[in-house]
file target-v9.tsv (TSV, C-alpha atoms)
chain	number	residue	atom	x	y	z
A	371	MET	CA	5.98	-30.13	-56.20
A	372	SER	CA	9.36	-28.81	-57.23
A	373	LEU	CA	11.57	-27.45	-54.50
A	374	THR	CA	13.19	-24.89	-56.80
A	375	GLY	CA	9.79	-23.53	-57.81
A	376	PHE	CA	8.85	-23.15	-54.17
A	377	VAL	CA	12.13	-21.40	-53.38
A	378	ARG	CA	11.60	-19.08	-56.35
A	379	PHE	CA	8.08	-18.28	-55.12
A	380	LEU	CA	9.42	-17.47	-51.63
A	381	ARG	CA	12.11	-15.17	-53.02
A	382	GLN	CA	9.59	-13.35	-55.22
A	383	SER	CA	7.19	-12.86	-52.34
A	384	LEU	CA	9.98	-11.58	-50.11
A	385	GLN	CA	11.11	-9.14	-52.79
A	386	ARG	CA	7.54	-7.95	-53.24
A	387	LEU	CA	7.19	-7.46	-49.49
A	388	GLU	CA	10.47	-5.58	-49.40
A	389	SER	CA	9.50	-3.26	-52.28
A	390	ASP	CA	6.10	-2.63	-50.66
A	391	PHE	CA	7.80	-1.82	-47.37
A	392	ILE	CA	10.25	0.55	-49.04
A	393	GLN	CA	7.44	2.32	-50.90
A	394	ALA	CA	5.45	2.61	-47.68
A	395	VAL	CA	8.41	4.11	-45.83
A	396	GLY	CA	9.17	6.42	-48.73
A	397	LEU	CA	12.81	5.57	-49.31
A	398	ASP	CA	12.04	4.49	-52.90
A	399	ARG	CA	13.36	6.91	-55.53
A	400	SER	CA	12.04	5.07	-58.61
A	401	LEU	CA	8.68	6.85	-58.70
A	402	GLY	CA	10.14	10.31	-59.40
A	403	PRO	CA	10.48	11.70	-62.95
A	404	ALA	CA	13.28	10.06	-64.96
A	405	LEU	CA	14.19	13.41	-66.69
A	406	ALA	CA	17.02	15.40	-65.09
A	407	VAL	CA	15.67	18.91	-64.51
A	408	ASN	CA	18.13	21.80	-64.99
A	409	GLY	CA	17.18	24.14	-62.24
A	410	PRO	CA	17.71	25.01	-58.66
A	411	SER	CA	14.83	22.94	-57.36
A	412	LEU	CA	15.20	19.20	-57.80
A	413	LEU	CA	12.48	16.57	-57.70
A	414	PRO	CA	10.73	16.47	-54.36
A	415	GLN	CA	12.70	14.37	-51.96
A	416	PRO	CA	10.98	12.58	-49.14
A	417	ASN	CA	11.42	14.77	-46.05
A	418	ASN	CA	13.87	12.82	-43.95
A	419	SER	CA	15.63	16.02	-42.90
A	420	SER	CA	12.69	17.58	-41.10
A	421	GLU	CA	11.94	16.49	-37.55
A	422	PRO	CA	9.42	13.61	-37.57
A	423	SER	CA	6.30	14.95	-35.94
A	424	PHE	CA	4.86	13.48	-32.77
A	425	LEU	CA	2.24	11.46	-34.57
A	426	ASP	CA	4.82	9.85	-36.94
A	427	SER	CA	7.26	8.79	-34.27
A	428	ILE	CA	4.69	6.83	-32.25
A	429	PHE	CA	4.74	4.04	-34.80
A	430	TRP	CA	8.14	2.84	-33.57
A	431	MET	CA	7.63	3.19	-29.78
A	432	ALA	CA	7.57	0.34	-27.29
A	433	VAL	CA	3.98	-0.26	-26.32
A	434	PRO	CA	2.28	-2.97	-24.26
A	435	LYS	CA	0.76	-5.62	-26.49
A	436	LYS	CA	-1.87	-6.88	-24.08
A	437	ARG	CA	-3.48	-5.74	-20.86
A	438	ARG	CA	-1.79	-7.22	-17.82
A	439	THR	CA	-4.31	-9.35	-15.98
A	440	ILE	CA	-4.92	-8.87	-12.27
A	441	GLU	CA	-3.38	-12.31	-11.60
A	442	VAL	CA	-0.11	-11.27	-13.27
A	443	ASN	CA	-0.22	-7.91	-11.48
A	444	ARG	CA	-0.76	-9.62	-8.13
A	445	CYS	CA	2.18	-11.97	-8.74
A	446	ARG	CA	4.41	-8.95	-9.31
A	447	ARG	CA	3.07	-6.79	-6.47
A	448	ARG	CA	2.98	-9.53	-3.83
A	449	ASN	CA	6.34	-11.02	-4.69
A	450	PRO	CA	8.40	-11.50	-1.47
A	451	ASN	CA	11.08	-9.09	-2.70
A	452	LYS	CA	8.48	-6.29	-2.76
A	453	MET	CA	7.03	-7.08	0.66
A	454	ILE	CA	8.37	-5.18	3.68
A	455	LYS	CA	10.90	-7.28	5.59
A	456	VAL	CA	10.56	-7.87	9.31
A	457	LYS	CA	13.36	-6.08	11.18
A	458	THR	CA	15.27	-8.24	13.65
A	459	ASN	CA	17.60	-5.51	14.99
A	460	ILE	CA	15.18	-3.78	17.37
A	461	GLU	CA	16.07	-3.88	21.06
A	462	PRO	CA	15.11	-1.89	24.17
A	463	CYS	CA	17.38	0.96	25.29
A	464	VAL	CA	19.27	0.21	28.52
A	465	GLN	CA	18.84	3.73	29.93
A	466	CYS	CA	15.19	4.56	29.27
A	467	GLY	CA	13.54	1.32	28.10
A	468	ASN	CA	12.21	2.67	24.79
A	469	LEU	CA	12.94	0.71	21.65
A	470	LYS	CA	15.94	1.47	19.50
A	471	LEU	CA	17.83	-0.03	16.58
A	472	LYS	CA	21.01	-1.88	17.51
A	473	HIS	CA	23.42	0.36	15.60
A	474	THR	CA	21.61	3.65	16.41
A	475	LEU	CA	21.29	5.91	19.43
A	476	CYS	CA	18.04	5.76	21.35
A	477	GLY	CA	15.67	8.43	20.01
A	478	PHE	CA	14.14	9.28	23.37
A	479	CYS	CA	17.49	9.76	25.12
A	480	TYR	CA	18.74	11.83	22.19
A	481	GLU	CA	15.65	14.06	22.38
A	482	LYS	CA	16.17	14.57	26.08
A	483	ILE	CA	19.82	15.62	25.60
A	484	GLN	CA	18.89	17.80	22.62
A	485	LYS	CA	16.45	19.80	24.76
A	486	GLU	CA	19.09	20.55	27.39
A	487	THR	CA	21.75	21.45	24.84
A	488	SER	CA	19.36	23.82	23.06
A	489	LEU	CA	18.84	25.65	26.36
A	490	ILE	CA	22.61	25.83	26.90
A	491	ARG	CA	23.05	27.16	23.39
A	492	ARG	CA	20.40	29.83	24.00
A	493	GLN	CA	22.26	30.87	27.14
A	494	ILE	CA	25.50	31.14	25.18
A	495	GLN	CA	23.73	33.19	22.51
A	496	ASN	CA	22.50	35.61	25.18
A	497	MET	CA	26.01	35.87	26.63
A	498	GLU	CA	27.59	36.58	23.25
A	499	GLY	CA	24.97	39.09	22.12
A	500	ARG	CA	25.77	39.24	18.42
A	501	PRO	CA	26.91	36.52	15.97
A	502	LEU	CA	30.63	35.81	15.48
A	503	ASN	CA	31.41	36.96	19.02
A	504	THR	CA	32.76	33.65	20.37
A	505	PRO	CA	35.81	34.13	22.60
A	506	ALA	CA	38.87	32.04	21.76
A	507	VAL	CA	38.69	30.02	24.98
A	508	GLU	CA	37.07	26.76	26.04
A	509	THR	CA	33.58	26.71	27.53
A	510	VAL	CA	32.43	24.90	30.66
A	511	VAL	CA	28.81	24.47	31.78
A	512	LEU	CA	28.12	24.79	35.50
A	513	TYR	CA	24.84	24.01	37.22
A	514	GLU	CA	23.44	25.21	40.55
A	515	ASN	CA	25.78	25.22	43.55
A	516	GLU	CA	28.83	24.41	41.48
A	517	THR	CA	32.08	26.34	41.51
A	518	PRO	CA	34.70	26.24	38.78
A	519	GLY	CA	37.50	23.84	39.64
A	520	GLU	CA	41.25	24.04	38.97
A	521	ALA	CA	40.98	22.73	35.43
A	522	ASP	CA	38.33	25.36	34.58
A	523	GLN	CA	40.56	28.39	35.26
A	524	GLY	CA	40.95	29.95	31.83
A	525	LYS	CA	37.56	28.89	30.50
A	526	ARG	CA	34.34	30.76	29.74
A	527	ILE	CA	31.63	29.72	32.22
A	528	VAL	CA	28.03	29.11	31.14
A	529	GLU	CA	25.65	29.03	34.08
A	530	ARG	CA	22.49	26.95	34.02
A	531	SER	CA	20.00	27.56	36.82
A	532	ARG	CA	18.98	24.00	37.46
A	533	LYS	CA	20.27	20.88	39.11
A	534	ARG	CA	22.89	18.92	37.17
A	535	PRO	CA	21.15	16.22	35.11
A	536	SER	CA	22.14	12.68	36.00
A	537	TRP	CA	23.38	11.86	32.52
A	538	PHE	CA	25.68	14.92	32.29
A	539	ASN	CA	28.79	13.76	34.06
A	540	LEU	CA	31.69	16.05	34.90
B	1257	ASP	CA	-52.15	-17.44	-30.42
B	1258	ILE	CA	-48.99	-19.42	-29.52
B	1259	TYR	CA	-46.73	-16.38	-29.11
B	1260	GLN	CA	-49.09	-14.78	-26.67
B	1261	ILE	CA	-49.21	-17.97	-24.64
B	1262	ILE	CA	-45.42	-18.19	-24.55
B	1263	HIS	CA	-45.07	-14.51	-23.58
B	1264	TYR	CA	-47.73	-14.86	-20.88
B	1265	SER	CA	-46.14	-17.97	-19.38
B	1266	PHE	CA	-42.71	-16.27	-19.43
B	1267	CYS	CA	-44.13	-13.28	-17.56
B	1268	ILE	CA	-45.68	-15.58	-14.98
B	1269	TRP	CA	-42.36	-17.42	-14.60
B	1270	THR	CA	-40.39	-14.18	-14.06
B	1271	ILE	CA	-42.91	-12.89	-11.55
B	1272	ARG	CA	-42.78	-16.19	-9.65
B	1273	ASN	CA	-39.05	-16.80	-9.75
B	1274	LEU	CA	-37.30	-13.49	-10.32
B	1275	ARG	CA	-37.68	-10.38	-8.25
B	1276	LYS	CA	-36.23	-6.92	-8.68
B	1277	CYS	CA	-33.86	-6.35	-5.77
B	1278	LYS	CA	-34.85	-3.02	-4.20
B	1279	LYS	CA	-31.35	-1.87	-3.35
B	1280	CYS	CA	-29.33	-2.80	-6.40
B	1281	GLN	CA	-32.20	-2.69	-9.00
B	1282	ILE	CA	-31.24	-5.99	-10.63
B	1283	LEU	CA	-33.54	-8.89	-11.50
B	1284	ALA	CA	-32.35	-11.83	-9.46
B	1285	PRO	CA	-33.75	-15.25	-8.64
B	1286	CYS	CA	-35.17	-15.31	-5.14
B	1287	SER	CA	-37.97	-16.96	-3.27
B	1288	GLN	CA	-40.15	-15.89	-0.34
B	1289	GLY	CA	-38.40	-12.58	0.21
B	1290	SER	CA	-34.83	-13.86	0.60
B	1291	CYS	CA	-32.44	-11.84	-1.52
B	1292	LEU	CA	-29.07	-12.83	-2.92
B	1293	HIS	CA	-27.89	-9.24	-2.85
B	1294	THR	CA	-27.63	-8.71	0.86
B	1295	THR	CA	-25.69	-5.45	0.67
B	1296	ALA	CA	-26.78	-2.87	3.22
B	1297	GLN	CA	-27.77	0.71	2.53
B	1298	LEU	CA	-25.27	3.23	1.15
B	1299	ASN	CA	-22.45	4.72	3.24
B	1300	THR	CA	-22.61	2.55	6.34
B	1301	LYS	CA	-19.48	2.41	8.43
B	1302	ASN	CA	-19.85	-1.25	9.41
B	1303	TRP	CA	-16.47	-1.63	11.05
B	1304	ASP	CA	-17.31	0.91	13.73
B	1305	ARG	CA	-20.54	-0.90	14.52
B	1306	LYS	CA	-18.77	-4.20	15.16
B	1307	ASN	CA	-17.65	-3.05	18.58
B	1308	ARG	CA	-21.27	-2.73	19.66
B	1309	ILE	CA	-22.29	-6.39	19.38
B	1310	VAL	CA	-23.00	-7.95	22.76
B	1311	TYR	CA	-22.93	-11.72	23.08
B	1312	PRO	CA	-25.18	-13.54	25.57
B	1313	PRO	CA	-23.38	-14.88	28.66
B	1314	GLN	CA	-21.47	-18.07	27.93
B	1315	GLN	CA	-22.32	-21.48	29.36
B	1316	LYS	CA	-19.82	-23.27	31.57
B	1317	ASP	CA	-18.92	-25.93	29.04
B	1318	GLU	CA	-18.22	-23.42	26.22
B	1319	PRO	CA	-14.59	-22.46	25.54
B	1320	PRO	CA	-13.86	-18.88	26.67
B	1321	ARG	CA	-14.47	-16.35	23.92
B	1322	PRO	CA	-11.47	-13.99	23.60
B	1323	ALA	CA	-12.10	-10.24	23.64
B	1324	GLU	CA	-12.14	-8.52	20.25
B	1325	VAL	CA	-11.62	-4.83	19.48
B	1326	PHE	CA	-12.37	-3.29	16.09
B	1327	HIS	CA	-10.85	0.04	15.16
B	1328	CYS	CA	-10.34	2.01	11.99
B	1329	ARG	CA	-9.20	5.36	10.68
B	1330	ARG	CA	-10.78	6.99	7.62
B	1331	GLN	CA	-9.37	9.22	4.88
B	1332	ILE	CA	-5.66	8.80	5.61
B	1333	LYS	CA	-3.63	10.72	3.02
B	1334	TYR	CA	-1.81	7.69	1.62
B	1335	SER	CA	-2.26	5.14	-1.15
B	1336	LYS	CA	-4.28	2.01	-0.39
B	1337	ASP	CA	-1.80	-0.18	-2.27
B	1338	LYS	CA	1.16	1.16	-0.31
B	1339	MET	CA	-0.80	0.88	2.94
B	1340	TRP	CA	-1.52	-2.76	2.12
B	1341	TYR	CA	2.18	-3.66	2.45
B	1342	LEU	CA	2.23	-2.30	6.02
B	1343	ALA	CA	-1.05	-4.00	6.87
B	1344	LYS	CA	0.32	-7.31	5.55
B	1345	LEU	CA	3.50	-6.83	7.59
B	1346	ILE	CA	1.72	-6.65	10.93
B	1347	LYS	CA	-1.00	-9.20	10.23
B	1348	GLY	CA	-0.77	-11.99	12.81
B	1349	MET	CA	1.83	-10.29	15.00
B	1350	SER	CA	1.49	-9.55	18.68
B	1351	ILE	CA	0.73	-5.89	19.33
B	1352	ASP	CA	4.15	-5.15	20.85
B	1353	GLN	CA	5.99	-6.62	17.89
B	1354	ALA	CA	3.70	-4.75	15.49
B	1355	LEU	CA	4.33	-1.44	17.26
B	1356	ALA	CA	8.10	-2.08	17.20
B	1357	GLN	CA	8.10	-2.82	13.47
B	1358	LEU	CA	6.00	0.24	12.67
B	1359	GLU	CA	8.14	2.55	14.81
B	1360	PHE	CA	11.22	1.79	12.75
B	1361	SER	CA	9.52	1.58	9.36
B	1362	ASP	CA	10.36	4.35	6.92
B	1363	LYS	CA	6.89	4.48	5.36
B	1364	LYS	CA	4.51	7.41	5.82
B	1365	GLY	CA	1.53	5.14	6.58
B	1366	ALA	CA	3.38	3.56	9.50
B	1367	ILE	CA	2.78	6.65	11.67
B	1368	ALA	CA	-0.98	6.49	11.11
B	1369	ILE	CA	-1.16	2.73	11.71
B	1370	LYS	CA	0.86	3.03	14.91
B	1371	GLU	CA	-1.57	5.67	16.23
B	1372	VAL	CA	-4.53	3.45	15.33
B	1373	LEU	CA	-2.99	0.47	17.15
B	1374	LEU	CA	-2.28	2.50	20.28
B	1375	GLU	CA	-5.83	3.90	20.29
B	1376	ALA	CA	-7.25	0.40	19.83
B	1377	GLN	CA	-5.08	-0.93	22.66
B	1378	GLU	CA	-6.33	1.82	24.97
B	1379	MET	CA	-9.95	1.15	23.96
B	1380	ALA	CA	-9.47	-2.55	24.64
B	1381	VAL	CA	-8.17	-1.96	28.15
B	1382	LYS	CA	-10.75	0.70	29.03
B	1383	ASN	CA	-13.96	-0.53	27.42
B	1384	HIS	CA	-13.55	-4.13	26.35
B	1385	ASN	CA	-12.41	-5.83	29.56
B	1386	VAL	CA	-8.91	-6.71	28.42
B	1387	GLU	CA	-6.69	-7.33	31.41
B	1388	PHE	CA	-3.18	-6.94	29.99
B	1389	LYS	CA	-2.51	-4.51	27.21
B	1390	SER	CA	0.31	-6.66	25.84
B	1391	ASN	CA	-1.89	-9.75	25.64
B	1392	LEU	CA	-3.34	-8.67	22.29
B	1393	TYR	CA	-2.53	-9.68	18.74
B	1394	VAL	CA	-3.50	-8.33	15.33
B	1395	ALA	CA	-6.08	-10.76	13.96
B	1396	GLU	CA	-7.10	-8.74	10.90
B	1397	SER	CA	-5.53	-5.70	9.32
B	1398	PHE	CA	-6.25	-4.32	5.88
B	1399	SER	CA	-6.61	-1.09	3.93
B	1400	GLY	CA	-9.43	0.19	1.80
B	1401	LYS	CA	-9.93	2.95	-0.77
B	1402	GLY	CA	-11.04	6.29	0.61
B	1403	LYS	CA	-12.67	9.13	-1.32
B	1404	TYR	CA	-10.32	10.60	-3.88
B	1405	LEU	CA	-10.08	14.30	-4.71
B	1406	LYS	CA	-9.55	15.09	-8.37
B	1407	ARG	CA	-7.13	17.71	-9.69
B	1408	ILE	CA	-5.84	18.66	-13.13
B	1409	ARG	CA	-2.34	17.67	-14.13
B	1410	TYR	CA	-1.05	19.78	-17.01
B	1411	HIS	CA	0.84	18.04	-19.83
B	1412	GLY	CA	2.51	19.54	-22.91
B	1413	ARG	CA	0.68	20.60	-26.08
B	1414	GLY	CA	-2.45	21.65	-24.21
B	1415	MET	CA	-3.18	18.13	-22.99
B	1416	PHE	CA	-4.24	17.46	-19.45
B	1417	GLY	CA	-4.81	14.52	-17.20
B	1418	ILE	CA	-6.97	14.11	-14.14
B	1419	MET	CA	-4.80	13.59	-11.07
B	1420	ASP	CA	-6.26	11.69	-8.12
B	1421	LYS	CA	-5.36	12.83	-4.61
B	1422	VAL	CA	-5.54	9.41	-3.01
B	1423	HIS	CA	-6.83	8.63	0.43
B	1424	CYS	CA	-7.26	5.32	2.18
B	1425	HIS	CA	-8.94	3.77	5.20
B	1426	TYR	CA	-7.18	1.44	7.60
B	1427	PHE	CA	-9.00	-1.29	9.57
B	1428	VAL	CA	-7.64	-3.40	12.40
B	1429	LYS	CA	-9.05	-6.10	14.68
B	1430	LEU	CA	-7.21	-6.90	17.90
B	1431	VAL	CA	-7.97	-10.13	19.74
B	1432	GLU	CA	-6.91	-11.01	23.26
B	1433	GLY	CA	-4.39	-13.80	23.69
B	1434	THR	CA	-1.15	-15.00	22.15
B	1435	PRO	CA	-0.94	-14.88	18.35
B	1436	PRO	CA	-1.79	-18.22	16.73
B	1437	VAL	CA	1.17	-20.09	15.23
B	1438	VAL	CA	0.74	-20.37	11.47
B	1439	VAL	CA	2.05	-23.68	10.12
B	1440	GLN	CA	4.10	-22.94	7.02
B	1441	LYS	CA	2.95	-25.27	4.26
B	1442	THR	CA	5.80	-26.45	2.05
B	1443	PRO	CA	5.34	-26.48	-1.74
B	1444	PHE	CA	5.64	-30.27	-1.63
B	1445	ASP	CA	2.70	-30.49	0.77
B	1446	GLN	CA	0.66	-28.16	-1.38
B	1447	ALA	CA	1.39	-30.26	-4.45
B	1448	LYS	CA	0.51	-33.47	-2.59
B	1449	GLU	CA	-2.79	-31.93	-1.47
B	1450	TYR	CA	-3.58	-30.88	-5.02
B	1451	VAL	CA	-2.93	-34.37	-6.36
B	1452	GLU	CA	-5.10	-35.91	-3.63
B	1453	GLN	CA	-7.87	-33.46	-4.48
B	1454	LEU	CA	-7.68	-34.52	-8.12
B	1455	ARG	CA	-7.69	-38.21	-7.19
B	1456	SER	CA	-10.75	-37.88	-4.94
B	1457	ARG	CA	-12.96	-36.58	-7.73
B	1458	THR	CA	-15.86	-38.82	-8.70
B	1459	ILE	CA	-18.31	-38.81	-11.58
B	1460	ILE	CA	-21.69	-37.60	-10.43
B	1461	HIS	CA	-24.96	-39.17	-11.59
B	1462	SER	CA	-23.10	-42.28	-12.69
B	1463	LEU	CA	-24.34	-45.84	-12.40
call {"tool": "encode", "arguments": {"input": "target-v9.tsv", "output": "structure tokens"}}
result
Amino acid sequence: MSLTGFVRFLRQSLQRLESDFIQAVGLDRSLGPALAVNGPSLLPQPNNSSEPSFLDSIFWMAVPKKRRTIEVNRCRRRNPNKMIKVKTNIEPCVQCGNLKLKHTLCGFCYEKIQKETSLIRRQIQNMEGRPLNTPAVETVVLYENETPGEADQGKRIVERSRKRPSWFNL
Amino acid sequence: DIYQIIHYSFCIWTIRNLRKCKKCQILAPCSQGSCLHTTAQLNTKNWDRKNRIVYPPQQKDEPPRPAEVFHCRRQIKYSKDKMWYLAKLIKGMSIDQALAQLEFSDKKGAIAIKEVLLEAQEMAVKNHNVEFKSNLYVAESFSGKGKYLKRIRYHGRGMFGIMDKVHCHYFVKLVEGTPPVVVQKTPFDQAKEYVEQLRSRTIIHSL
């Protein structure tokens, strides 16, 4: 067996493959008429200019080669980085005893304060009447049996008809 | 004629050894009425029935049987695969720890699971003779596929797909007591066990 003959055979087969590929794609110009036609319309060119239709462009899309088995799928879905991590920063709130995250306010206490502030805001809304009617003074909230002190002289007073809550310090 | 004899004997053999299972309509080997396919009738909610089993009173020498509560919720509007992650999170935890983790989880299914756990805890204290509501742990927790609704999802070029509106079930079993400590097996131990298993194989029917 001669090595040169083998190499020549390989080159020929490669060239044949290449020419077949080019003909299949349509980039080959050698099959058109050899005569030069004197006219406006030239020999039909392969339509590279027009938009490749949907069915042509699917030949070069990435596509899965094989079905992923359930074992492979399980390995991916049950990988520790996809599992939910156990949180270690949960602690009970000192004030109310409900659970809270370490760096966050307690949800229960916040709800409680939100309720009271919404009532105060409603009171202020009733006092003002229409929007954009806020006076250019500070506001102070007074509960039952409370009189405005010395520091509250020039301020607008909002009265709430209930006992002062324990968490709302003066 | 030989073919007739063979056919006849084959029929006799099937009648003797194979029987058509009434429920699943499959020919299966069985003898004297015992069936391999022991599935129950359609659409039975077995998990709910598990709370009804009553054990006979225990003898003095038997170890005390811990109380068990089974609870579930059906047709939760969530995916069974996503619910599985939450179920796996709380598996084996004490009920207080499980409730804490679910309260601060960002997942939609965590709200449903938390409600189920609280209901189960209440049921345990009221009906199942559990003394302390914190003395429970999650023995089993898993999710199952619920009934899907089907809708049309419109694509371009007049194509369409069928969209599934997924639902899932969630099942939980609470057992009284402290959660059992799971010994973490190292990969080295697992490998050693595997090698020992291979070494202990013998050749059957040998001299």
call {"tool": "closest_atom_pairs", "arguments": {"input": "target-v9.tsv", "of": "chain B", "to": "chain A", "cutoff": "9 Å", "atoms": "only C-alpha atoms", "output": "CSV"}}
result
residue,atom,partner,partner_atom,distance
B:Tyr1341,CA,A:Met453,CA,6.2
B:Leu1342,CA,A:Ile454,CA,7.2
B:Lys1344,CA,A:Met453,CA,8.3
B:Leu1345,CA,A:Ile454,CA,6.5
B:Ala1356,CA,A:Leu469,CA,7.1
B:Gln1357,CA,A:Lys457,CA,6.6
B:Glu1359,CA,A:Leu469,CA,8.6
B:Phe1360,CA,A:Leu471,CA,7.9
B:Ser1361,CA,A:Lys457,CA,8.8
call {"tool": "residues_around", "arguments": {"input": "target-v9.tsv", "residues": "Glu1324 (chain B)", "least_positions_apart": "2", "cutoff": "8 Å", "atoms": "only C-alpha atoms", "output": "PyMOL selection string"}}
result
chain B and resi 1307+1322+1326+1380+1384+1429-1432
call {"tool": "residues_near_point", "arguments": {"input": "target-v9.tsv", "point": "(31.0, 29.9, 26.7)", "cutoff": "10 Å", "atoms": "all atoms listed in the file", "output": "MDAnalysis selection string"}}
result
chainID A and resid 490:491 493:495 497:498 504:511 525:529
call {"tool": "atom_distance", "arguments": {"input": "target-v9.tsv", "atom1": "CA of Gly1348 (chain B)", "atom2": "CA of Pro450 (chain A)"}}
result
17.0 Å
call {"tool": "closest_residue", "arguments": {"input": "target-v9.tsv", "among": "A:Asn496, A:Thr517, A:Ile483, A:Leu502", "to": "Pro535 (chain A)", "atoms": "all atoms listed in the file"}}
result
A:Ile483
call {"tool": "atom_distance", "arguments": {"input": "target-v9.tsv", "atom1": "CA of Cys466 (chain A)", "atom2": "CA of Asn539 (chain A)"}}
result
17.1 Å
call {"tool": "closest_residue", "arguments": {"input": "target-v9.tsv", "among": "A:Arg492, A:Trp537, A:Arg438, A:Tyr513", "to": "Cys479 (chain A)", "atoms": "all atoms listed in the file"}}
result
A:Trp537
call {"tool": "atom_distance", "arguments": {"input": "target-v9.tsv", "atom1": "CA of Lys1406 (chain B)", "atom2": "CA of Asp1420 (chain B)"}}
result
4.7 Å
call {"tool": "residues_around", "arguments": {"input": "target-v9.tsv", "residues": "region 1399-1401 of chain B", "least_positions_apart": "2", "cutoff": "7 Å", "atoms": "only C-alpha atoms", "output": "list of chain:residue names"}}
result
B:Lys1336, B:Met1339, B:Trp1340, B:Ala1343, B:Lys1403, B:His1423, B:Cys1424, B:His1425, B:Tyr1426, B:Phe1427
call {"tool": "write_last_selection", "arguments": {"input": "target-v9.tsv", "atoms": "C-alpha atoms", "output": "mmCIF file, in the frame of the given file"}}
result
data_model
loop_
_atom_site.group_PDB
_atom_site.id
_atom_site.type_symbol
_atom_site.label_atom_id
_atom_site.label_comp_id
_atom_site.auth_asym_id
_atom_site.auth_seq_id
_atom_site.Cartn_x
_atom_site.Cartn_y
_atom_site.Cartn_z
ATOM 1 C CA LYS B 1336 -4.280 2.010 -0.390
ATOM 2 C CA MET B 1339 -0.800 0.880 2.940
ATOM 3 C CA TRP B 1340 -1.520 -2.760 2.120
ATOM 4 C CA ALA B 1343 -1.050 -4.000 6.870
ATOM 5 C CA LYS B 1403 -12.670 9.130 -1.320
ATOM 6 C CA HIS B 1423 -6.830 8.630 0.430
ATOM 7 C CA CYS B 1424 -7.260 5.320 2.180
ATOM 8 C CA HIS B 1425 -8.940 3.770 5.200
ATOM 9 C CA TYR B 1426 -7.180 1.440 7.600
ATOM 10 C CA PHE B 1427 -9.000 -1.290 9.570
#
call {"tool": "residues_around", "arguments": {"input": "target-v9.tsv", "residues": "Glu514 (chain A)", "least_positions_apart": "3", "cutoff": "9 Å", "atoms": "only C-alpha atoms", "output": "number ranges by chain"}}
result
A: 517, 529-534
call {"tool": "build_atoms", "arguments": {"input": "target-v9.tsv", "residues": "region 1359-1369 of chain B", "atoms": "N, CA, C and O atoms", "output": "PDB file, in the coordinates of the input"}}
result
ATOM      1  N   GLU B1359       7.353   1.409  14.329  1.00  0.00           N
ATOM      2  CA  GLU B1359       8.140   2.550  14.810  1.00  0.00           C
ATOM      3  C   GLU B1359       9.373   2.759  13.947  1.00  0.00           C
ATOM      4  O   GLU B1359       9.771   3.882  13.703  1.00  0.00           O
ATOM      5  N   PHE B1360       9.975   1.668  13.497  1.00  0.00           N
ATOM      6  CA  PHE B1360      11.220   1.790  12.750  1.00  0.00           C
ATOM      7  C   PHE B1360      11.029   1.593  11.250  1.00  0.00           C
ATOM      8  O   PHE B1360      11.982   1.405  10.522  1.00  0.00           O
ATOM      9  N   SER B1361       9.764   1.648  10.800  1.00  0.00           N
ATOM     10  CA  SER B1361       9.520   1.580   9.360  1.00  0.00           C
ATOM     11  C   SER B1361       9.657   2.990   8.776  1.00  0.00           C
ATOM     12  O   SER B1361       9.325   3.976   9.415  1.00  0.00           O
ATOM     13  N   ASP B1362      10.153   3.047   7.545  1.00  0.00           N
ATOM     14  CA  ASP B1362      10.360   4.350   6.920  1.00  0.00           C
ATOM     15  C   ASP B1362       9.136   4.853   6.182  1.00  0.00           C
ATOM     16  O   ASP B1362       9.169   5.918   5.588  1.00  0.00           O
ATOM     17  N   LYS B1363       8.042   4.106   6.188  1.00  0.00           N
ATOM     18  CA  LYS B1363       6.890   4.480   5.360  1.00  0.00           C
ATOM     19  C   LYS B1363       6.044   5.549   6.060  1.00  0.00           C
ATOM     20  O   LYS B1363       5.998   5.609   7.291  1.00  0.00           O
ATOM     21  N   LYS B1364       5.354   6.360   5.269  1.00  0.00           N
ATOM     22  CA  LYS B1364       4.510   7.410   5.820  1.00  0.00           C
ATOM     23  C   LYS B1364       3.301   6.816   6.536  1.00  0.00           C
ATOM     24  O   LYS B1364       2.863   7.303   7.563  1.00  0.00           O
ATOM     25  N   GLY B1365       2.735   5.735   5.983  1.00  0.00           N
ATOM     26  CA  GLY B1365       1.530   5.140   6.580  1.00  0.00           C
ATOM     27  C   GLY B1365       1.791   4.505   7.931  1.00  0.00           C
ATOM     28  O   GLY B1365       0.863   4.282   8.694  1.00  0.00           O
ATOM     29  N   ALA B1366       3.076   4.226   8.232  1.00  0.00           N
ATOM     30  CA  ALA B1366       3.380   3.560   9.500  1.00  0.00           C
ATOM     31  C   ALA B1366       3.013   4.426  10.689  1.00  0.00           C
ATOM     32  O   ALA B1366       2.596   3.906  11.737  1.00  0.00           O
ATOM     33  N   ILE B1367       3.114   5.741  10.551  1.00  0.00           N
ATOM     34  CA  ILE B1367       2.780   6.650  11.670  1.00  0.00           C
ATOM     35  C   ILE B1367       1.302   6.544  11.989  1.00  0.00           C
ATOM     36  O   ILE B1367       0.898   6.410  13.146  1.00  0.00           O
ATOM     37  N   ALA B1368       0.472   6.558  10.916  1.00  0.00           N
ATOM     38  CA  ALA B1368      -0.980   6.490  11.110  1.00  0.00           C
ATOM     39  C   ALA B1368      -1.379   5.152  11.725  1.00  0.00           C
ATOM     40  O   ALA B1368      -2.185   5.090  12.664  1.00  0.00           O
ATOM     41  N   ILE B1369      -0.785   4.054  11.208  1.00  0.00           N
ATOM     42  CA  ILE B1369      -1.160   2.730  11.710  1.00  0.00           C
ATOM     43  C   ILE B1369      -0.756   2.582  13.158  1.00  0.00           C
ATOM     44  O   ILE B1369      -1.478   1.983  13.968  1.00  0.00           O
TER      45      ILE B1369
END
